[in-house]
$ cat model-v1.cif   # mmCIF, C-alpha atoms
data_entry
#
loop_
_atom_site.group_PDB
_atom_site.id
_atom_site.type_symbol
_atom_site.label_atom_id
_atom_site.label_comp_id
_atom_site.auth_asym_id
_atom_site.auth_seq_id
_atom_site.Cartn_x
_atom_site.Cartn_y
_atom_site.Cartn_z
ATOM 1 C CA LEU A 1420 -21.995 61.323 28.497
ATOM 2 C CA ALA A 1421 -21.464 64.176 26.062
ATOM 3 C CA ASN A 1422 -17.972 62.934 25.216
ATOM 4 C CA LEU A 1423 -18.984 59.361 24.425
ATOM 5 C CA PRO A 1424 -18.571 58.550 20.744
ATOM 6 C CA TYR A 1425 -21.622 57.178 18.977
ATOM 7 C CA SER A 1426 -21.578 53.416 18.554
ATOM 8 C CA MET A 1427 -23.976 50.538 19.058
ATOM 9 C CA THR A 1428 -22.167 49.690 22.296
ATOM 10 C CA THR A 1429 -22.492 53.180 23.788
ATOM 11 C CA THR A 1430 -26.132 53.301 22.709
ATOM 12 C CA ARG A 1431 -26.679 50.044 24.598
ATOM 13 C CA LEU A 1432 -24.897 51.479 27.631
ATOM 14 C CA LEU A 1433 -27.183 54.531 27.629
ATOM 15 C CA HIS A 1434 -30.245 52.289 27.208
ATOM 16 C CA LYS A 1435 -29.269 50.234 30.261
ATOM 17 C CA ALA A 1436 -28.418 53.375 32.251
ATOM 18 C CA VAL A 1437 -31.932 54.741 31.721
ATOM 19 C CA TYR A 1438 -33.447 51.532 33.073
ATOM 20 C CA TRP A 1439 -31.033 51.545 36.004
ATOM 21 C CA ALA A 1440 -31.779 55.194 36.842
ATOM 22 C CA THR A 1441 -35.505 54.440 36.994
ATOM 23 C CA ASN A 1442 -35.048 51.254 39.068
ATOM 24 C CA GLN A 1443 -36.395 49.110 36.237
ATOM 25 C CA GLU A 1444 -33.375 46.900 35.502
ATOM 26 C CA GLU A 1445 -35.544 43.841 34.909
ATOM 27 C CA ALA A 1446 -37.547 45.655 32.235
ATOM 28 C CA VAL A 1447 -34.467 45.798 30.027
ATOM 29 C CA PHE A 1448 -35.127 42.112 29.196
ATOM 30 C CA ASN A 1449 -38.511 42.881 27.626
ATOM 31 C CA TRP A 1450 -37.805 42.271 23.934
ATOM 32 C CA TYR A 1451 -34.048 42.693 24.207
ATOM 33 C CA SER A 1452 -31.095 41.456 22.171
ATOM 34 C CA SER A 1453 -27.922 40.304 23.923
ATOM 35 C CA ASN A 1454 -25.955 41.619 20.936
ATOM 36 C CA PRO A 1455 -25.771 45.422 20.483
ATOM 37 C CA GLN A 1456 -25.519 44.929 16.702
ATOM 38 C CA VAL A 1457 -29.021 43.397 16.637
ATOM 39 C CA GLU A 1458 -32.259 45.333 17.158
ATOM 40 C CA VAL A 1459 -35.579 43.909 18.331
ATOM 41 C CA ALA A 1460 -39.056 45.359 17.823
ATOM 42 C CA ALA A 1461 -42.146 43.691 19.284
ATOM 43 C CA TYR A 1462 -45.516 44.144 17.593
ATOM 44 C CA LYS A 1463 -47.773 42.960 20.384
ATOM 45 C CA LYS A 1464 -51.153 43.277 18.651
ATOM 46 C CA ALA A 1465 -49.882 41.277 15.681
ATOM 47 C CA GLY A 1466 -48.015 38.771 17.863
ATOM 48 C CA TYR A 1467 -44.720 39.145 15.987
ATOM 49 C CA VAL A 1468 -41.174 40.199 16.780
ATOM 50 C CA ALA A 1469 -38.807 41.719 14.203
ATOM 51 C CA VAL A 1470 -35.111 40.949 14.682
ATOM 52 C CA PHE A 1471 -32.696 42.968 12.559
ATOM 53 C CA ASN A 1472 -28.939 42.644 12.125
ATOM 54 C CA ASN A 1473 -27.620 46.212 11.885
ATOM 55 C CA SER A 1474 -24.152 45.117 10.789
ATOM 56 C CA ASP A 1475 -22.434 43.940 7.634
ATOM 57 C CA SER A 1476 -21.274 40.681 9.250
ATOM 58 C CA ASN A 1477 -22.943 37.544 10.607
ATOM 59 C CA GLN A 1478 -24.287 37.967 14.139
ATOM 60 C CA LYS A 1479 -25.444 35.579 16.851
ATOM 61 C CA THR A 1480 -27.749 36.780 19.617
ATOM 62 C CA LYS A 1481 -30.187 35.802 22.300
ATOM 63 C CA VAL A 1482 -33.512 37.591 21.933
ATOM 64 C CA TRP A 1483 -35.200 37.945 25.306
ATOM 65 C CA ARG A 1484 -38.945 38.209 25.820
ATOM 66 C CA SER A 1485 -38.379 38.277 29.564
ATOM 67 C CA ARG A 1486 -35.554 37.276 31.887
ATOM 68 C CA GLU A 1487 -36.653 33.619 31.691
ATOM 69 C CA ARG A 1488 -37.698 33.356 28.040
ATOM 70 C CA PHE A 1489 -35.403 33.795 25.085
ATOM 71 C CA ILE A 1490 -34.407 32.195 21.802
ATOM 72 C CA GLU A 1491 -31.017 32.090 20.116
ATOM 73 C CA ILE A 1492 -30.836 33.415 16.574
ATOM 74 C CA ASP A 1493 -28.115 33.503 13.909
ATOM 75 C CA LEU A 1494 -28.420 36.357 11.429
ATOM 76 C CA GLN A 1495 -26.784 37.067 8.105
ATOM 77 C CA PRO A 1496 -25.511 40.602 7.391
ATOM 78 C CA GLU A 1497 -28.404 43.103 7.415
ATOM 79 C CA GLU A 1498 -30.937 40.284 7.741
ATOM 80 C CA LEU A 1499 -34.443 40.871 9.078
ATOM 81 C CA LEU A 1500 -36.245 37.924 10.680
ATOM 82 C CA TRP A 1501 -39.811 37.740 11.928
ATOM 83 C CA ARG A 1502 -40.687 35.437 14.831
ATOM 84 C CA ARG A 1503 -44.031 34.678 16.491
ATOM 85 C CA PHE A 1504 -44.395 35.313 20.212
ATOM 86 C CA GLU A 1505 -45.160 31.618 20.731
ATOM 87 C CA GLU A 1506 -41.561 30.722 19.851
ATOM 88 C CA PHE A 1507 -40.496 32.254 23.169
ATOM 89 C CA ASN A 1508 -42.628 29.988 25.378
#
$ encode --input "model-v1.cif" --output "structure tokens"
Amino acid sequence: LANLPYSMTTTRLLHKAVYWATNQEEAVFNWYSSNPQVEVAAYKKAGYVAVFNNSDSNQKTKVWRSRERFIEIDLQPEELLWRRFEEFN
């Protein structure tokens, strides 16, 4: 791992490896973006999810609340969107 160059893709690989190593592969889908260029942060007490495009180009992603529940989102470069939890039901 020490020789891996930093990128959004290698960060995603490390993220998944941690879940795999702890036998929690399903937990990776808790507030997860299918696109490594897009970050997701869930604010559970407030009932909102922040979805941020970390790139300088348009991005399309699926944002997963769980393995069964997700929404598809299109983002402009460096766009931040807020979504309510209810949108994932």
$ atom_distance --input "model-v1.cif" --atom1 "CA of Arg1488 (chain A)" --atom2 "CA of Tyr1467 (chain A)"
15.1 Å
$ residues_around --input "model-v1.cif" --residues "Arg1486 (chain A)" --least-positions-apart "5" --cutoff "12 Å" --atoms "all atoms listed in the file" --output "list in words"
Glu1444, Glu1445, Ala1446, Val1447, Phe1448, Asn1449, Trp1450, Tyr1451, Ser1452, Ser1453, Lys1481 and Phe1507 of chain A
$ atom_distance --input "model-v1.cif" --atom1 "CA of Ser1474 (chain A)" --atom2 "CA of Arg1431 (chain A)"
14.9 Å
$ residues_around --input "model-v1.cif" --residues "Thr1428 (chain A)" --least-positions-apart "3" --cutoff "10 Å" --atoms "all atoms listed in the file" --output "MDAnalysis selection string"
chainID A and resid 1424:1425 1431:1434 1454:1456
$ residues_near_point --input "model-v1.cif" --point "(-41.9, 35.5, 12.1)" --cutoff "7 Å" --atoms "all atoms listed in the file" --output "list in words"
Tyr1467, Val1468, Leu1500, Trp1501, Arg1502 and Arg1503 of chain A
$ closest_residue --input "model-v1.cif" --among "A:Leu1499, A:Val1457, A:Ala1436, A:Ala1465" --to "Lys1479 (chain A)" --atoms "only C-alpha atoms"
A:Val1457
$ atom_distance --input "model-v1.cif" --atom1 "CA of Glu1491 (chain A)" --atom2 "CA of Thr1441 (chain A)"
28.4 Å
$ axis_aligned_box --input "model-v1.cif" --around "region 1482-1501 of chain A" --padding-each-side "4 Å" --output "JSON"
{"center_x": -32.7, "center_y": 37.6, "center_z": 19.6, "size_x": 22.3, "size_y": 19.0, "size_z": 32.5}
$ residues_around --input "model-v1.cif" --residues "Glu1458 (chain A)" --least-positions-apart "3" --cutoff "7 Å" --atoms "all atoms listed in the file" --output "PDB file with C-alpha atoms, in the coordinates of the input"
ATOM      1  CA  SER A1452     -31.095  41.456  22.171  1.00  0.00           C
ATOM      2  CA  VAL A1470     -35.111  40.949  14.682  1.00  0.00           C
ATOM      3  CA  PHE A1471     -32.696  42.968  12.559  1.00  0.00           C
ATOM      4  CA  ASN A1472     -28.939  42.644  12.125  1.00  0.00           C
TER       5      ASN A1472
END
$ residues_around --input "model-v1.cif" --residues "Asp1493 (chain A)" --least-positions-apart "5" --cutoff "8 Å" --atoms "only C-alpha atoms" --output "list in words"
Asn1477, Gln1478, Lys1479 and Thr1480 of chain A
$ closest_residue --input "model-v1.cif" --among "A:Ala1421, A:Lys1435, A:Glu1497, A:Val1482" --to "Ala1461 (chain A)" --atoms "all atoms listed in the file"
A:Val1482
